[in-house]
Each structure stands twice: as C-alpha cells, then as structure tokens.
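Everything on this sheet refers to the single structure shown next.
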Amino acid sequence: MRKRTTGVREAKAQFSALLRDVRAGHEWVITERGAPIAKLVPIPAEDRPLAERVRRLVEAGAIEPEHGERQPLPPPLPLEKGLAQRWLREDRGE
C-alpha cells in the first residue's frame with residue numbers, strides 16, 4: 001500500500017478522487033500546514049459487508065454470480081436400515 005500526502009484544502013477539492021484512490025488500495029495522509037492530522041485508508045476486507053465482498057469476488061472472477069432461484073437438493077439416497085450407523089462405527093474403529 002503506497003502512502004500519499006495532501007493538504008486539507010487539496011483534499012477537500014479532490015475528495016472524490018481521493019476516495020477512488022483509497023478504493024484502489026492507497027493510503028492518504030491529510031496534512032494541515034505540513035503537519036499530519038488524519039489518514040484516509042481502505043477498510044480491511046474482513047470489515048466490509050458480505051454483499052460487497054461477494055460482489056468483489058464475482059468481479060474478480062473467483063466465483064460465479066447466483067442465477068435465479070436456488071434449486072432444491074435432491075432427496076437423500078435410500079440406504080438399508082442401520083447401514084449409515086454401521087459405516088460410522090466401522091470408520092471409528094468400533
């Protein structure tokens with residue numbers, strides 16, 4: 001993350017541009033008469049709302065967007081009575 005510095009007057013005049021730059025991952029230090037008084041930094045990903053994190057993943061191509069309604073799960077496979085319990089005990093070594 002690259003730090004950049006700007007004065008209060010310039011920050012006020014270019015606030016929208018600063019926000020776009022922060023959204024891109026940059027950090028801005030706001031100064032008054034040359035002395036730092038504030039920082040404008042991106043919010044960490046884990047603190048962003050879930051909907052925004054999902055949207056960013058879709059935009060990055062990491063996941064596909066949801067299309068329409070979700071399909072219901074198929075019914076469970078029929079098993080003979082007690083078979084699942086028997087497999088569980090075998091898996092546990094009982």
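Chain lettering (A, B, ...) mirrors the order of the structure tokens, residue numbering begins at 1 for each chain separately, and ligand numbering begins at 1 in order of display.
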For Ala24 in chain A, find every residue with an atom within 12 Å (counting only C-alpha atoms), except residues of its own chain fewer than 5 positions away, and show them as a list in words.
Met1, Arg2, Ala17, Leu18, Leu19, Val41, Pro42 and Ile43 of chain A
Excluding same-chain residues fewer than 5 positions from Ile63 in chain A, what lies within 9 Å of it counting only C-alpha atoms, as a short mmCIF file (atom, residue, chain, number, x, y, z; two decimals) with C-alpha atoms, in the first residue's frame?
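What ended up in selection_1.cif:
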data_model
loop_
_atom_site.label_atom_id
_atom_site.label_comp_id
_atom_site.auth_asym_id
_atom_site.auth_seq_id
_atom_site.Cartn_x
_atom_site.Cartn_y
_atom_site.Cartn_z
CA VAL A 54 -19.28 -11.30 -2.69
CA LEU A 57 -15.30 -11.92 -5.77
CA VAL A 58 -17.74 -12.03 -8.68
#
Kindly indicate which residue among A:Ala51, A:Leu88, A:Ala45, A:Ala11 lies nearest to Val29 in chain A, using only C-alpha atoms for the distances.
A:Ala11
Which of range 10-60 of chain A fall in alpha helix (DSSP H), as an mmCIF file with C-alpha atoms, in the first residue's frame:
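Okay, selection.cif is ready:
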data_model
loop_
_atom_site.group_PDB
_atom_site.id
_atom_site.type_symbol
_atom_site.label_atom_id
_atom_site.label_comp_id
_atom_site.auth_asym_id
_atom_site.auth_seq_id
_atom_site.Cartn_x
_atom_site.Cartn_y
_atom_site.Cartn_z
ATOM 1 C CA GLU A 10 -6.493 19.996 -1.745
ATOM 2 C CA ALA A 11 -8.196 17.051 -0.028
ATOM 3 C CA LYS A 12 -11.480 18.947 0.141
ATOM 4 C CA ALA A 13 -11.228 19.977 -3.506
ATOM 5 C CA PHE A 15 -12.219 14.309 -2.185
ATOM 6 C CA SER A 16 -13.947 12.093 -4.782
ATOM 7 C CA ALA A 17 -10.618 11.405 -6.481
ATOM 8 C CA LEU A 18 -9.042 10.576 -3.101
ATOM 9 C CA LEU A 19 -11.838 8.091 -2.371
ATOM 10 C CA ARG A 20 -11.316 6.386 -5.748
ATOM 11 C CA ASP A 21 -7.617 6.140 -4.958
ATOM 12 C CA VAL A 22 -8.329 4.684 -1.498
ATOM 13 C CA ARG A 23 -10.727 2.185 -3.059
ATOM 14 C CA LEU A 50 -20.790 -9.558 2.997
ATOM 15 C CA ALA A 51 -22.655 -8.325 -0.101
ATOM 16 C CA GLU A 52 -19.688 -6.143 -1.083
ATOM 17 C CA ARG A 53 -17.172 -8.956 -0.534
ATOM 18 C CA VAL A 54 -19.278 -11.295 -2.691
ATOM 19 C CA ARG A 55 -19.619 -8.612 -5.396
ATOM 20 C CA ARG A 56 -15.839 -8.155 -5.473
ATOM 21 C CA LEU A 57 -15.299 -11.920 -5.770
ATOM 22 C CA VAL A 58 -17.744 -12.035 -8.684
ATOM 23 C CA GLU A 59 -15.984 -9.089 -10.354
ATOM 24 C CA ALA A 60 -12.610 -10.799 -9.898
#
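Taking CA of Pro44 in chain A and CA of Lys3 in chain A as endpoints, the distance between them is 15.9 Å.
You will find CA of Asp47 in chain A at 19.4 Å from CA of Ala62 in chain A.
Distances here use only C-alpha atoms; by that measure, the residue among A:Gly7, A:Gly61, A:Pro74, A:Gly68 closest to Pro36 in chain A is A:Gly7.
We find CA of Thr5 in chain A and CA of Ala38 in chain A to be spaced 10.1 Å apart.
Residues of chain A assigned to strand (DSSP E) by DSSP on this structure's backbone: Lys3, Arg4, Thr5, Thr6, Gly7, Glu27, Trp28, Val29, Ile30, Thr31, Glu32, Ala35, Pro36, Ile37, Ala38, Lys39 and Leu40 of chain A.
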May I have the residues from that selection written out with C-alpha atoms, as a compact mmCIF listing (two decimals), in the first residue's frame?
# COMPACT_ATOMS: atom_id res chain seq x y z
CA LYS A 3 1.18 6.32 1.20
CA ARG A 4 0.40 9.67 -0.34
CA THR A 5 0.16 13.08 1.28
CA THR A 6 -2.08 16.06 0.59
CA GLY A 7 -3.12 19.23 2.37
CA GLU A 27 -3.47 5.40 1.81
CA TRP A 28 -3.65 9.19 2.07
CA VAL A 29 -2.25 11.31 4.92
CA ILE A 30 -4.02 14.65 5.26
CA THR A 31 -1.83 17.49 6.49
CA GLU A 32 -2.54 20.93 7.89
CA ALA A 35 1.73 18.51 9.93
CA PRO A 36 -0.15 15.20 9.52
CA ILE A 37 -3.61 15.31 11.11
CA ALA A 38 -5.57 12.43 9.56
CA LYS A 39 -5.35 9.28 7.48
CA LEU A 40 -7.71 8.11 4.76
